[in-house]
>>> print(open('model-v5.cif').read())   # mmCIF, C-alpha atoms and all ligand atoms
data_target
loop_
_atom_site.group_PDB
_atom_site.id
_atom_site.type_symbol
_atom_site.label_atom_id
_atom_site.label_comp_id
_atom_site.auth_asym_id
_atom_site.auth_seq_id
_atom_site.Cartn_x
_atom_site.Cartn_y
_atom_site.Cartn_z
ATOM 1 C CA MET A 1476 14.279 38.016 -19.029
ATOM 2 C CA ALA A 1477 13.166 37.341 -15.460
ATOM 3 C CA LEU A 1478 15.885 36.590 -12.907
ATOM 4 C CA VAL A 1479 17.397 33.143 -13.456
ATOM 5 C CA SER A 1480 18.242 30.556 -10.777
ATOM 6 C CA THR A 1481 21.845 30.934 -9.559
ATOM 7 C CA LYS A 1482 22.037 27.144 -9.247
ATOM 8 C CA GLU A 1483 21.092 26.694 -12.891
ATOM 9 C CA ILE A 1484 23.756 29.208 -13.989
ATOM 10 C CA LEU A 1485 26.478 27.665 -11.828
ATOM 11 C CA GLU A 1486 25.728 24.023 -12.576
ATOM 12 C CA LYS A 1487 25.949 24.839 -16.275
ATOM 13 C CA ALA A 1488 29.285 26.575 -15.641
ATOM 14 C CA ASP A 1489 30.527 23.569 -13.659
ATOM 15 C CA LYS A 1490 29.674 21.198 -16.530
ATOM 16 C CA GLY A 1491 31.148 23.584 -19.091
ATOM 17 C CA GLY A 1492 34.407 24.217 -17.186
ATOM 18 C CA TYR A 1493 34.081 27.992 -16.870
ATOM 19 C CA ALA A 1494 33.177 30.497 -14.157
ATOM 20 C CA VAL A 1495 30.575 33.221 -13.899
ATOM 21 C CA GLY A 1496 31.393 36.650 -12.491
ATOM 22 C CA ALA A 1497 29.584 37.692 -9.314
ATOM 23 C CA PHE A 1498 29.835 41.458 -8.990
ATOM 24 C CA ASN A 1499 28.888 43.493 -5.921
ATOM 25 C CA ILE A 1500 26.564 46.455 -6.257
ATOM 26 C CA ASN A 1501 26.370 49.543 -4.074
ATOM 27 C CA ASN A 1502 24.387 51.894 -6.323
ATOM 28 C CA MET A 1503 22.557 52.202 -9.625
ATOM 29 C CA GLU A 1504 25.700 52.963 -11.648
ATOM 30 C CA THR A 1505 27.198 49.632 -10.610
ATOM 31 C CA VAL A 1506 24.050 47.699 -11.542
ATOM 32 C CA ILE A 1507 24.029 49.223 -15.024
ATOM 33 C CA ALA A 1508 27.781 48.737 -15.528
ATOM 34 C CA ILE A 1509 27.563 45.042 -14.582
ATOM 35 C CA ILE A 1510 24.519 44.151 -16.650
ATOM 36 C CA ASP A 1511 25.556 46.246 -19.690
ATOM 37 C CA GLY A 1512 29.051 44.709 -19.621
ATOM 38 C CA ALA A 1513 27.612 41.190 -19.480
ATOM 39 C CA VAL A 1514 25.140 41.953 -22.293
ATOM 40 C CA GLU A 1515 27.957 43.223 -24.548
ATOM 41 C CA LEU A 1516 29.735 39.879 -24.117
ATOM 42 C CA ASN A 1517 26.569 37.782 -24.132
ATOM 43 C CA SER A 1518 27.497 36.279 -20.768
ATOM 44 C CA PRO A 1519 25.477 35.129 -17.769
ATOM 45 C CA VAL A 1520 26.133 37.238 -14.687
ATOM 46 C CA ILE A 1521 25.458 37.211 -10.946
ATOM 47 C CA VAL A 1522 24.693 40.491 -9.225
ATOM 48 C CA GLU A 1523 25.435 40.348 -5.515
ATOM 49 C CA VAL A 1524 24.462 42.510 -2.592
ATOM 50 C CA SER A 1525 26.189 42.476 0.802
ATOM 51 C CA GLU A 1526 24.546 43.306 4.124
ATOM 52 C CA GLY A 1527 26.455 46.596 4.050
ATOM 53 C CA ALA A 1528 25.027 47.424 0.624
ATOM 54 C CA ILE A 1529 21.533 46.570 1.863
ATOM 55 C CA ARG A 1530 22.021 48.956 4.796
ATOM 56 C CA TYR A 1531 23.197 51.619 2.340
ATOM 57 C CA MET A 1532 20.399 51.452 -0.241
ATOM 58 C CA GLY A 1533 17.628 49.258 1.198
ATOM 59 C CA ILE A 1534 16.717 45.774 0.017
ATOM 60 C CA LYS A 1535 13.712 46.905 -2.072
ATOM 61 C CA MET A 1536 15.861 49.376 -4.003
ATOM 62 C CA ALA A 1537 18.522 46.728 -4.679
ATOM 63 C CA VAL A 1538 16.002 44.129 -5.849
ATOM 64 C CA GLY A 1539 13.994 46.679 -7.834
ATOM 65 C CA MET A 1540 17.005 47.910 -9.798
ATOM 66 C CA VAL A 1541 18.386 44.481 -10.608
ATOM 67 C CA LYS A 1542 15.051 42.863 -11.471
ATOM 68 C CA SER A 1543 13.855 45.678 -13.708
ATOM 69 C CA LEU A 1544 17.090 45.851 -15.669
ATOM 70 C CA ALA A 1545 17.366 42.043 -15.902
ATOM 71 C CA GLU A 1546 13.900 41.919 -17.442
ATOM 72 C CA GLU A 1547 15.041 44.119 -20.317
ATOM 73 C CA VAL A 1548 18.078 42.078 -21.355
ATOM 74 C CA PRO A 1549 18.490 38.731 -23.157
ATOM 75 C CA ILE A 1550 21.163 37.259 -20.823
ATOM 76 C CA PRO A 1551 20.663 35.203 -17.606
ATOM 77 C CA VAL A 1552 20.996 37.438 -14.516
ATOM 78 C CA ALA A 1553 20.910 36.036 -10.961
ATOM 79 C CA LEU A 1554 20.617 37.975 -7.694
ATOM 80 C CA HIS A 1555 22.665 36.782 -4.723
ATOM 81 C CA LEU A 1556 23.023 37.793 -1.068
ATOM 82 C CA ASP A 1557 26.753 38.079 -0.306
ATOM 83 C CA HIS A 1558 28.090 37.223 3.195
ATOM 84 C CA GLY A 1559 24.711 36.944 4.903
ATOM 85 C CA LYS A 1560 25.592 36.883 8.595
ATOM 86 C CA ARG A 1561 22.243 37.683 10.178
ATOM 87 C CA TRP A 1562 19.289 35.287 10.047
ATOM 88 C CA ASP A 1563 16.909 38.222 9.432
ATOM 89 C CA THR A 1564 18.822 39.418 6.375
ATOM 90 C CA VAL A 1565 18.842 35.941 4.880
ATOM 91 C CA ILE A 1566 15.080 35.586 5.371
ATOM 92 C CA ASP A 1567 14.515 39.086 3.970
ATOM 93 C CA ALA A 1568 16.540 38.228 0.882
ATOM 94 C CA ILE A 1569 14.595 34.993 0.335
ATOM 95 C CA GLU A 1570 11.277 36.806 0.754
ATOM 96 C CA ASN A 1571 12.313 39.627 -1.581
ATOM 97 C CA GLY A 1572 13.138 37.436 -4.564
ATOM 98 C CA PHE A 1573 16.907 36.789 -4.361
ATOM 99 C CA THR A 1574 17.760 33.678 -6.371
ATOM 100 C CA SER A 1575 20.465 32.592 -3.911
ATOM 101 C CA VAL A 1576 21.838 33.506 -0.498
ATOM 102 C CA MET A 1577 25.184 33.081 1.171
ATOM 103 C CA ILE A 1578 25.076 32.186 4.841
ATOM 104 C CA ASP A 1579 28.466 33.049 6.263
ATOM 105 C CA ALA A 1580 29.013 31.420 9.641
ATOM 106 C CA SER A 1581 32.655 30.665 8.812
ATOM 107 C CA ASP A 1582 33.874 32.535 11.892
ATOM 108 C CA LYS A 1583 31.926 30.148 14.154
ATOM 109 C CA PRO A 1584 33.103 26.722 15.384
ATOM 110 C CA TYR A 1585 32.560 23.986 12.766
ATOM 111 C CA ASN A 1586 29.485 22.418 14.417
ATOM 112 C CA ASP A 1587 27.784 25.793 14.768
ATOM 113 C CA ASN A 1588 28.554 26.591 11.125
ATOM 114 C CA VAL A 1589 26.899 23.285 10.148
ATOM 115 C CA GLU A 1590 23.847 23.906 12.322
ATOM 116 C CA ILE A 1591 23.239 27.501 11.141
ATOM 117 C CA THR A 1592 23.892 26.653 7.492
ATOM 118 C CA LYS A 1593 21.571 23.662 7.575
ATOM 119 C CA LYS A 1594 18.775 25.795 9.031
ATOM 120 C CA VAL A 1595 19.190 28.279 6.161
ATOM 121 C CA VAL A 1596 19.266 25.486 3.567
ATOM 122 C CA ASP A 1597 15.969 24.089 4.905
ATOM 123 C CA VAL A 1598 14.181 27.435 4.606
ATOM 124 C CA ALA A 1599 15.829 28.548 1.344
ATOM 125 C CA HIS A 1600 15.265 25.299 -0.544
ATOM 126 C CA LYS A 1601 11.560 25.350 0.351
ATOM 127 C CA ALA A 1602 11.422 28.722 -1.423
ATOM 128 C CA GLY A 1603 13.438 27.506 -4.435
ATOM 129 C CA VAL A 1604 16.463 29.598 -3.412
ATOM 130 C CA SER A 1605 19.958 28.087 -3.501
ATOM 131 C CA VAL A 1606 22.581 28.457 -0.770
ATOM 132 C CA GLU A 1607 26.308 29.230 -0.627
ATOM 133 C CA ALA A 1608 28.376 28.787 2.537
ATOM 134 C CA GLU A 1609 32.026 29.305 3.428
ATOM 135 C CA LEU A 1610 34.588 27.020 5.054
ATOM 136 C CA GLY A 1611 37.903 28.259 6.359
ATOM 137 C CA ARG A 1612 38.363 31.996 6.707
ATOM 138 C CA LEU A 1613 39.528 34.905 4.591
ATOM 139 C CA PRO A 1614 41.972 37.000 6.588
ATOM 140 C CA GLY A 1615 41.412 40.752 6.434
ATOM 141 C CA SER A 1616 43.687 42.322 3.846
ATOM 142 C CA GLU A 1617 45.526 44.292 6.506
ATOM 143 C CA ASP A 1618 46.061 41.331 8.834
ATOM 144 C CA GLU A 1619 49.765 40.703 9.396
ATOM 145 C CA LEU A 1620 49.916 36.904 9.585
ATOM 146 C CA SER A 1621 52.754 34.406 9.641
ATOM 147 C CA VAL A 1622 52.747 31.618 7.028
ATOM 148 C CA GLU A 1623 51.500 29.161 9.704
ATOM 149 C CA GLU A 1624 48.709 31.476 10.808
ATOM 150 C CA ARG A 1625 47.594 32.034 7.225
ATOM 151 C CA GLU A 1626 47.656 28.247 6.644
ATOM 152 C CA ALA A 1627 45.364 27.721 9.658
ATOM 153 C CA PHE A 1628 42.719 29.869 7.922
ATOM 154 C CA LEU A 1629 42.531 27.569 4.882
ATOM 155 C CA VAL A 1630 39.796 25.019 4.202
ATOM 156 C CA ASP A 1631 40.245 21.393 5.256
ATOM 157 C CA PRO A 1632 39.173 19.240 2.251
ATOM 158 C CA GLU A 1633 37.952 16.321 4.441
ATOM 159 C CA GLN A 1634 35.849 18.744 6.434
ATOM 160 C CA ALA A 1635 34.504 20.260 3.195
ATOM 161 C CA GLU A 1636 33.205 16.837 2.153
ATOM 162 C CA SER A 1637 31.347 16.324 5.445
ATOM 163 C CA PHE A 1638 30.125 19.930 5.465
ATOM 164 C CA VAL A 1639 28.451 19.596 2.064
ATOM 165 C CA ALA A 1640 26.916 16.234 3.017
ATOM 166 C CA GLN A 1641 25.693 17.487 6.400
ATOM 167 C CA THR A 1642 24.224 20.796 5.223
ATOM 168 C CA GLY A 1643 22.983 20.147 1.673
ATOM 169 C CA ILE A 1644 24.412 23.474 0.396
ATOM 170 C CA ASP A 1645 24.476 24.155 -3.345
ATOM 171 C CA PHE A 1646 27.823 26.018 -3.620
ATOM 172 C CA LEU A 1647 30.862 26.150 -1.361
ATOM 173 C CA ALA A 1648 33.339 28.978 -0.876
ATOM 174 C CA PRO A 1649 36.560 27.304 0.290
ATOM 175 C CA ALA A 1650 39.289 29.531 1.750
ATOM 176 C CA ILE A 1651 42.348 28.817 -0.417
ATOM 177 C CA GLY A 1652 44.487 31.891 0.150
ATOM 178 C CA THR A 1653 42.603 34.975 -1.020
ATOM 179 C CA SER A 1654 41.457 37.927 1.081
ATOM 180 C CA HIS A 1655 39.081 40.818 0.513
ATOM 181 C CA GLY A 1656 40.363 44.260 -0.467
ATOM 182 C CA ALA A 1657 43.192 45.766 -2.495
ATOM 183 C CA PHE A 1658 46.200 44.426 -0.571
ATOM 184 C CA LYS A 1659 45.988 40.666 -0.944
ATOM 185 C CA PHE A 1660 49.600 39.611 -1.394
ATOM 186 C CA LYS A 1661 53.002 40.952 -0.449
ATOM 187 C CA GLY A 1662 54.833 39.236 -3.333
ATOM 188 C CA GLU A 1663 53.440 37.205 -6.237
ATOM 189 C CA SER A 1664 49.812 36.157 -5.951
ATOM 190 C CA LYS A 1665 49.439 32.491 -5.092
ATOM 191 C CA LEU A 1666 46.646 30.146 -4.108
ATOM 192 C CA ASP A 1667 46.606 26.640 -2.627
ATOM 193 C CA PHE A 1668 45.647 24.738 -5.786
ATOM 194 C CA GLU A 1669 46.282 21.305 -4.250
ATOM 195 C CA ARG A 1670 43.693 22.078 -1.617
ATOM 196 C CA LEU A 1671 41.259 23.419 -4.221
ATOM 197 C CA LYS A 1672 41.621 20.285 -6.320
ATOM 198 C CA LEU A 1673 40.911 18.044 -3.332
ATOM 199 C CA VAL A 1674 37.891 20.111 -2.290
ATOM 200 C CA LYS A 1675 36.450 19.821 -5.808
ATOM 201 C CA GLU A 1676 37.067 16.058 -5.945
ATOM 202 C CA LYS A 1677 35.433 15.526 -2.579
ATOM 203 C CA THR A 1678 32.433 17.871 -2.923
ATOM 204 C CA GLN A 1679 31.594 17.788 -6.649
ATOM 205 C CA ILE A 1680 29.572 21.022 -6.425
ATOM 206 C CA PRO A 1681 30.180 24.504 -7.887
ATOM 207 C CA LEU A 1682 32.897 26.316 -5.904
ATOM 208 C CA VAL A 1683 33.156 30.033 -5.217
ATOM 209 C CA LEU A 1684 36.216 32.243 -5.016
ATOM 210 C CA HIS A 1685 35.878 35.252 -2.721
ATOM 211 C CA GLY A 1686 38.427 38.042 -2.635
ATOM 212 C CA ALA A 1687 39.134 37.537 -6.331
ATOM 213 C CA SER A 1688 39.702 41.116 -7.547
ATOM 214 C CA SER A 1689 42.641 41.517 -9.895
ATOM 215 C CA VAL A 1690 43.825 44.930 -8.623
ATOM 216 C CA ASN A 1691 45.877 44.817 -11.816
ATOM 217 C CA GLU A 1692 48.623 47.183 -12.958
ATOM 218 C CA ASN A 1693 46.373 49.188 -15.289
ATOM 219 C CA LEU A 1694 43.821 49.774 -12.590
ATOM 220 C CA ILE A 1695 46.459 50.777 -10.034
ATOM 221 C CA GLU A 1696 48.176 53.046 -12.548
ATOM 222 C CA THR A 1697 44.898 54.826 -13.395
ATOM 223 C CA ALA A 1698 43.930 55.064 -9.728
ATOM 224 C CA ILE A 1699 47.279 56.523 -8.693
ATOM 225 C CA LYS A 1700 47.217 58.907 -11.662
ATOM 226 C CA TYR A 1701 43.996 60.420 -10.337
ATOM 227 C CA GLY A 1702 45.186 60.570 -6.748
ATOM 228 C CA ILE A 1703 44.013 57.372 -5.019
ATOM 229 C CA GLU A 1704 46.681 56.068 -2.646
ATOM 230 C CA LEU A 1705 47.138 52.475 -3.779
ATOM 231 C CA GLN A 1706 50.888 51.987 -3.752
ATOM 232 C CA GLY A 1707 51.700 48.350 -2.985
ATOM 233 C CA ALA A 1708 48.210 47.088 -3.801
ATOM 234 C CA ARG A 1709 48.091 43.603 -5.333
ATOM 235 C CA GLY A 1710 45.332 41.181 -6.331
ATOM 236 C CA LEU A 1711 44.906 37.959 -8.274
ATOM 237 C CA SER A 1712 46.695 37.724 -11.602
ATOM 238 C CA ASP A 1713 44.668 36.605 -14.616
ATOM 239 C CA ASP A 1714 46.793 33.441 -14.922
ATOM 240 C CA ILE A 1715 46.107 32.452 -11.339
ATOM 241 C CA LEU A 1716 42.412 33.099 -11.828
ATOM 242 C CA ARG A 1717 42.307 31.029 -15.029
ATOM 243 C CA ARG A 1718 43.987 28.170 -13.192
ATOM 244 C CA ALA A 1719 41.506 28.452 -10.312
ATOM 245 C CA VAL A 1720 38.694 28.111 -12.862
ATOM 246 C CA ARG A 1721 40.383 25.051 -14.405
ATOM 247 C CA GLU A 1722 40.612 23.461 -10.949
ATOM 248 C CA GLY A 1723 36.895 23.866 -10.242
ATOM 249 C CA ILE A 1724 35.977 27.459 -9.330
ATOM 250 C CA ASN A 1725 32.646 28.438 -10.955
ATOM 251 C CA LYS A 1726 31.682 31.707 -9.241
ATOM 252 C CA VAL A 1727 34.183 34.534 -8.888
ATOM 253 C CA ASN A 1728 33.471 37.500 -6.600
ATOM 254 C CA THR A 1729 34.632 40.983 -7.553
ATOM 255 C CA ASP A 1730 34.021 44.159 -5.610
ATOM 256 C CA THR A 1731 37.335 45.947 -4.996
ATOM 257 C CA ASP A 1732 38.145 46.330 -8.733
ATOM 258 C CA LEU A 1733 34.751 48.003 -9.229
ATOM 259 C CA ARG A 1734 35.295 50.308 -6.267
ATOM 260 C CA ILE A 1735 38.684 51.395 -7.591
ATOM 261 C CA ALA A 1736 37.345 51.932 -11.116
ATOM 262 C CA PHE A 1737 34.360 53.909 -9.815
ATOM 263 C CA THR A 1738 36.478 56.215 -7.669
ATOM 264 C CA ALA A 1739 39.104 56.686 -10.387
ATOM 265 C CA GLY A 1740 36.362 57.689 -12.853
ATOM 266 C CA ILE A 1741 34.926 60.259 -10.473
ATOM 267 C CA ARG A 1742 38.309 61.687 -9.518
ATOM 268 C CA LYS A 1743 39.305 61.937 -13.186
ATOM 269 C CA ILE A 1744 36.371 64.116 -14.177
ATOM 270 C CA LEU A 1745 36.503 66.276 -11.071
ATOM 271 C CA LEU A 1746 40.230 66.856 -11.479
ATOM 272 C CA GLU A 1747 39.984 67.568 -15.199
ATOM 273 C CA ASP A 1748 37.038 69.945 -15.180
ATOM 274 C CA SER A 1749 36.292 72.073 -12.150
ATOM 275 C CA ARG A 1750 33.151 73.491 -13.822
ATOM 276 C CA VAL A 1751 31.340 70.145 -13.737
ATOM 277 C CA PHE A 1752 28.539 69.745 -11.201
ATOM 278 C CA ASP A 1753 25.995 67.650 -13.105
ATOM 279 C CA PRO A 1754 25.953 64.236 -11.329
ATOM 280 C CA ARG A 1755 25.406 62.474 -14.664
ATOM 281 C CA LYS A 1756 28.622 63.928 -16.029
ATOM 282 C CA ILE A 1757 30.475 62.805 -12.904
ATOM 283 C CA LEU A 1758 28.983 59.332 -12.514
ATOM 284 C CA GLY A 1759 28.726 58.463 -16.221
ATOM 285 C CA PRO A 1760 32.498 58.057 -16.722
ATOM 286 C CA ALA A 1761 32.721 56.134 -13.429
ATOM 287 C CA ARG A 1762 30.088 53.744 -14.766
ATOM 288 C CA ASP A 1763 32.045 53.308 -18.004
ATOM 289 C CA PHE A 1764 35.250 52.525 -16.068
ATOM 290 C CA MET A 1765 33.378 49.842 -14.111
ATOM 291 C CA LYS A 1766 31.901 48.345 -17.270
ATOM 292 C CA GLU A 1767 35.433 47.821 -18.609
ATOM 293 C CA VAL A 1768 36.370 45.965 -15.410
ATOM 294 C CA VAL A 1769 33.303 43.730 -15.748
ATOM 295 C CA LYS A 1770 34.144 42.888 -19.363
ATOM 296 C CA GLU A 1771 37.810 42.137 -18.598
ATOM 297 C CA ARG A 1772 36.762 39.758 -15.822
ATOM 298 C CA ILE A 1773 34.166 37.979 -17.956
ATOM 299 C CA GLU A 1774 36.785 37.372 -20.669
ATOM 300 C CA VAL A 1775 39.171 35.815 -18.140
ATOM 301 C CA LEU A 1776 36.477 33.614 -16.593
ATOM 302 C CA GLY A 1777 35.514 32.148 -19.958
ATOM 303 C CA SER A 1778 31.775 32.893 -19.824
ATOM 304 C CA VAL A 1779 31.567 34.906 -23.079
ATOM 305 C CA ASN A 1780 28.667 33.624 -25.242
ATOM 306 C CA LYS A 1781 27.573 31.109 -22.600
HETATM 307 N N1 LIG B 1801 33.092 40.025 -1.552
HETATM 308 C C1 LIG B 1801 32.666 41.421 -1.407
HETATM 309 C C2 LIG B 1801 32.394 41.776 0.047
HETATM 310 C C3 LIG B 1801 31.892 43.194 0.210
HETATM 311 O O1 LIG B 1801 30.473 44.486 3.433
HETATM 312 P P1 LIG B 1801 31.002 44.791 2.075
HETATM 313 O O2 LIG B 1801 29.978 45.383 1.149
HETATM 314 O O3 LIG B 1801 32.276 45.623 2.112
HETATM 315 O O4 LIG B 1801 31.390 43.343 1.508
HETATM 316 O O5 LIG B 1801 32.338 39.076 -0.999
HETATM 317 C C4 LIG B 1801 34.230 39.637 -2.223
HETATM 318 O O6 LIG B 1801 34.615 38.471 -2.167
HETATM 319 C C5 LIG B 1801 34.991 40.672 -3.021
HETATM 320 O O7 LIG B 1801 36.364 40.414 -3.101
HETATM 321 P P2 LIG B 1801 37.406 41.589 -3.580
HETATM 322 O O8 LIG B 1801 37.635 42.470 -2.394
HETATM 323 O O9 LIG B 1801 38.639 40.863 -3.976
HETATM 324 O O10 LIG B 1801 36.764 42.286 -4.698
HETATM 325 ZN ZN ZN B 1802 33.582 37.751 -0.028
#
>>> encode(input="model-v5.cif", output="structure tokens")
Amino acid sequence: MALVSTKEILEKADKGGYAVGAFNINNMETVIAIIDGAVELNSPVIVEVSEGAIRYMGIKMAVGMVKSLAEEVPIPVALHLDHGKRWDTVIDAIENGFTSVMIDASDKPYNDNVEITKKVVDVAHKAGVSVEAELGRLPGSEDELSVEEREAFLVDPEQAESFVAQTGIDFLAPAIGTSHGAFKFKGESKLDFERLKLVKEKTQIPLVLHGASSVNENLIETAIKYGIELQGARGLSDDILRRAVREGINKVNTDTDLRIAFTAGIRKILLEDSRVFDPRKILGPARDFMKEVVKERIEVLGSVNK
């Protein structure tokens, strides 16, 4: 079917108490893995493209791949701009048929974040495109921060309420303790659920969890087996993710798990058979590894048959 509104998908998830996976693409193999995985579980899915991915493959290529594959399948597929930082990219995404955009001005002072976000909402809504914004900040996975410093990055629930009212955004990504990348936690994974609960109560809109990759034991074991250095990597456990969904998260971003699976798949085949040089034989298994990640995530998020 044609691309479906992200807002429609997420408001349904919010009412139904589940979350929808938002998976980042960087090439054709990822697009196929994501959409095939979602089709096998009859689940809605959000395909997202970052500014870096747009620089890598071009916006027309990204849109072309996602749209044409979405049209062939019976599940709802949405196309989202992830971490839009530049005004031009956001406008480009709106003009090229994305169903939602994220404007990420979370590193700016609060009033500037409000002003920039509101400007994007005005333009996007006129075009029927929904908008995600972020409050609080996700520390880089390598940032060495004290507990107090980490705390200062988290969303303020009162501010979240005013932010949503002032900007008119459709979805909010509140910083509640995750970070991007493979090294999210030193010990057990933990999130600030009290804060999440308050944000949901005060905003009453679909919430988004960034930096949500599982980096689970199986993935690390496979990666290390084929020579990726990932010792000490740690992501979000399935239990923590399920609880986040119960407390109001409706969109869950995953990129790192796909990157690890992709690289492990490629390294496996190249290590096992030095006669292989057909790209399809190298990238095919990588695609299959990523599809498994997509399916595992969809099961945890509760969007099977939705
Ligand atoms: N994202 C992915 C960000 C990818 O510039 P870039 O292409 O490297 O950006 O928004 C996530 O929240 C992914 O979280 P993860 O690292 O836990 O998968
Ligand atoms: Zn993110």
>>> resolve_selection(input="model-v5.cif", expression="the PyMOL selection byres (((chain A and resi 1569) around 12) and not hetatm)", output="count of residues only")
34
>>> closest_residue(input="model-v5.cif", among="A:Glu1747, A:Glu1486, A:Asp1511, A:Glu1704", to="Phe1658 in chain A", atoms="only C-alpha atoms")
A:Glu1704
>>> residues_around(input="model-v5.cif", residues="Ile1724 in chain A", least_positions_apart="3", cutoff="6 Å", atoms="only C-alpha atoms", output="list of chain:residue names")
A:Leu1682, A:Val1683, A:Ala1719, A:Val1720
>>> closest_residue(input="model-v5.cif", among="A:Gln1679, A:Asn1780, A:Ser1581, A:Gln1706", to="Val1630 in chain A", atoms="all atoms listed in the file")
A:Ser1581
>>> closest_residue(input="model-v5.cif", among="A:Gly1656, A:Gly1492, A:Pro1614, A:Gly1662", to="ligand LIG 1801 (chain B)", atoms="only C-alpha atoms and all ligand atoms")
A:Gly1656
>>> residues_near_ligand(input="model-v5.cif", ligand="ligand ZN 1802 (chain B)", cutoff="9 Å", atoms="all atoms listed in the file", output="list in words")
Ser1525, Asp1557, His1558, Leu1613, Ala1648, Ser1654, His1655, Leu1684, His1685, Gly1686, Ala1687, Asn1728, Thr1729 and Asp1730 of chain A
>>> axis_aligned_box(input="model-v5.cif", around="ligand LIG 1801 (chain B)", padding_each_side="3 Å", output="JSON")
{"center_x": 34.3, "center_y": 42.0, "center_z": -0.6, "size_x": 14.7, "size_y": 13.2, "size_z": 14.1}
>>> residues_around(input="model-v5.cif", residues="range 1754-1758 of chain A", least_positions_apart="5", cutoff="9 Å", atoms="all atoms listed in the file", output="count of residues only")
9
>>> decode(input="model-v5.cif", residues="range 1746-1762 of chain A", atoms="N, CA and C atoms", output="PDB file, in the first residue's frame")
ATOM      1  N   LEU A1746      34.818 -14.493   6.150  1.00  0.00           N
ATOM      2  CA  LEU A1746      35.771 -15.328   6.907  1.00  0.00           C
ATOM      3  C   LEU A1746      35.638 -16.797   6.520  1.00  0.00           C
ATOM      4  N   GLU A1747      34.373 -17.204   6.252  1.00  0.00           N
ATOM      5  CA  GLU A1747      34.136 -18.635   6.012  1.00  0.00           C
ATOM      6  C   GLU A1747      34.481 -19.087   4.605  1.00  0.00           C
ATOM      7  N   ASP A1748      34.420 -18.165   3.635  1.00  0.00           N
ATOM      8  CA  ASP A1748      34.662 -18.590   2.263  1.00  0.00           C
ATOM      9  C   ASP A1748      35.454 -17.519   1.501  1.00  0.00           C
ATOM     10  N   SER A1749      36.724 -17.746   1.366  1.00  0.00           N
ATOM     11  CA  SER A1749      37.572 -16.721   0.744  1.00  0.00           C
ATOM     12  C   SER A1749      37.423 -16.695  -0.782  1.00  0.00           C
ATOM     13  N   ARG A1750      36.603 -17.611  -1.334  1.00  0.00           N
ATOM     14  CA  ARG A1750      36.390 -17.599  -2.793  1.00  0.00           C
ATOM     15  C   ARG A1750      35.210 -16.714  -3.190  1.00  0.00           C
ATOM     16  N   VAL A1751      34.466 -16.235  -2.191  1.00  0.00           N
ATOM     17  CA  VAL A1751      33.262 -15.450  -2.508  1.00  0.00           C
ATOM     18  C   VAL A1751      33.607 -14.025  -2.925  1.00  0.00           C
ATOM     19  N   PHE A1752      33.084 -13.593  -4.081  1.00  0.00           N
ATOM     20  CA  PHE A1752      33.217 -12.176  -4.436  1.00  0.00           C
ATOM     21  C   PHE A1752      31.954 -11.641  -5.117  1.00  0.00           C
ATOM     22  N   ASP A1753      30.892 -12.422  -5.080  1.00  0.00           N
ATOM     23  CA  ASP A1753      29.601 -11.954  -5.602  1.00  0.00           C
ATOM     24  C   ASP A1753      28.915 -11.148  -4.491  1.00  0.00           C
ATOM     25  N   PRO A1754      28.679  -9.837  -4.716  1.00  0.00           N
ATOM     26  CA  PRO A1754      28.083  -9.001  -3.656  1.00  0.00           C
ATOM     27  C   PRO A1754      26.787  -9.585  -3.097  1.00  0.00           C
ATOM     28  N   ARG A1755      26.018 -10.279  -3.939  1.00  0.00           N
ATOM     29  CA  ARG A1755      24.741 -10.820  -3.443  1.00  0.00           C
ATOM     30  C   ARG A1755      24.968 -11.917  -2.426  1.00  0.00           C
ATOM     31  N   LYS A1756      26.074 -12.653  -2.596  1.00  0.00           N
ATOM     32  CA  LYS A1756      26.367 -13.721  -1.637  1.00  0.00           C
ATOM     33  C   LYS A1756      26.923 -13.146  -0.335  1.00  0.00           C
ATOM     34  N   ILE A1757      27.474 -11.948  -0.427  1.00  0.00           N
ATOM     35  CA  ILE A1757      28.034 -11.304   0.778  1.00  0.00           C
ATOM     36  C   ILE A1757      26.937 -10.545   1.534  1.00  0.00           C
ATOM     37  N   LEU A1758      26.107  -9.823   0.768  1.00  0.00           N
ATOM     38  CA  LEU A1758      25.114  -8.959   1.424  1.00  0.00           C
ATOM     39  C   LEU A1758      23.821  -9.701   1.774  1.00  0.00           C
ATOM     40  N   GLY A1759      23.553 -10.796   1.084  1.00  0.00           N
ATOM     41  CA  GLY A1759      22.335 -11.574   1.370  1.00  0.00           C
ATOM     42  C   GLY A1759      22.289 -12.044   2.829  1.00  0.00           C
ATOM     43  N   PRO A1760      23.340 -12.719   3.306  1.00  0.00           N
ATOM     44  CA  PRO A1760      23.313 -13.158   4.714  1.00  0.00           C
ATOM     45  C   PRO A1760      23.248 -11.976   5.687  1.00  0.00           C
ATOM     46  N   ALA A1761      23.877 -10.864   5.328  1.00  0.00           N
ATOM     47  CA  ALA A1761      23.823  -9.679   6.205  1.00  0.00           C
ATOM     48  C   ALA A1761      22.376  -9.195   6.316  1.00  0.00           C
ATOM     49  N   ARG A1762      21.680  -9.232   5.183  1.00  0.00           N
ATOM     50  CA  ARG A1762      20.269  -8.827   5.169  1.00  0.00           C
ATOM     51  C   ARG A1762      19.444  -9.765   6.053  1.00  0.00           C
TER      52      ARG A1762
END
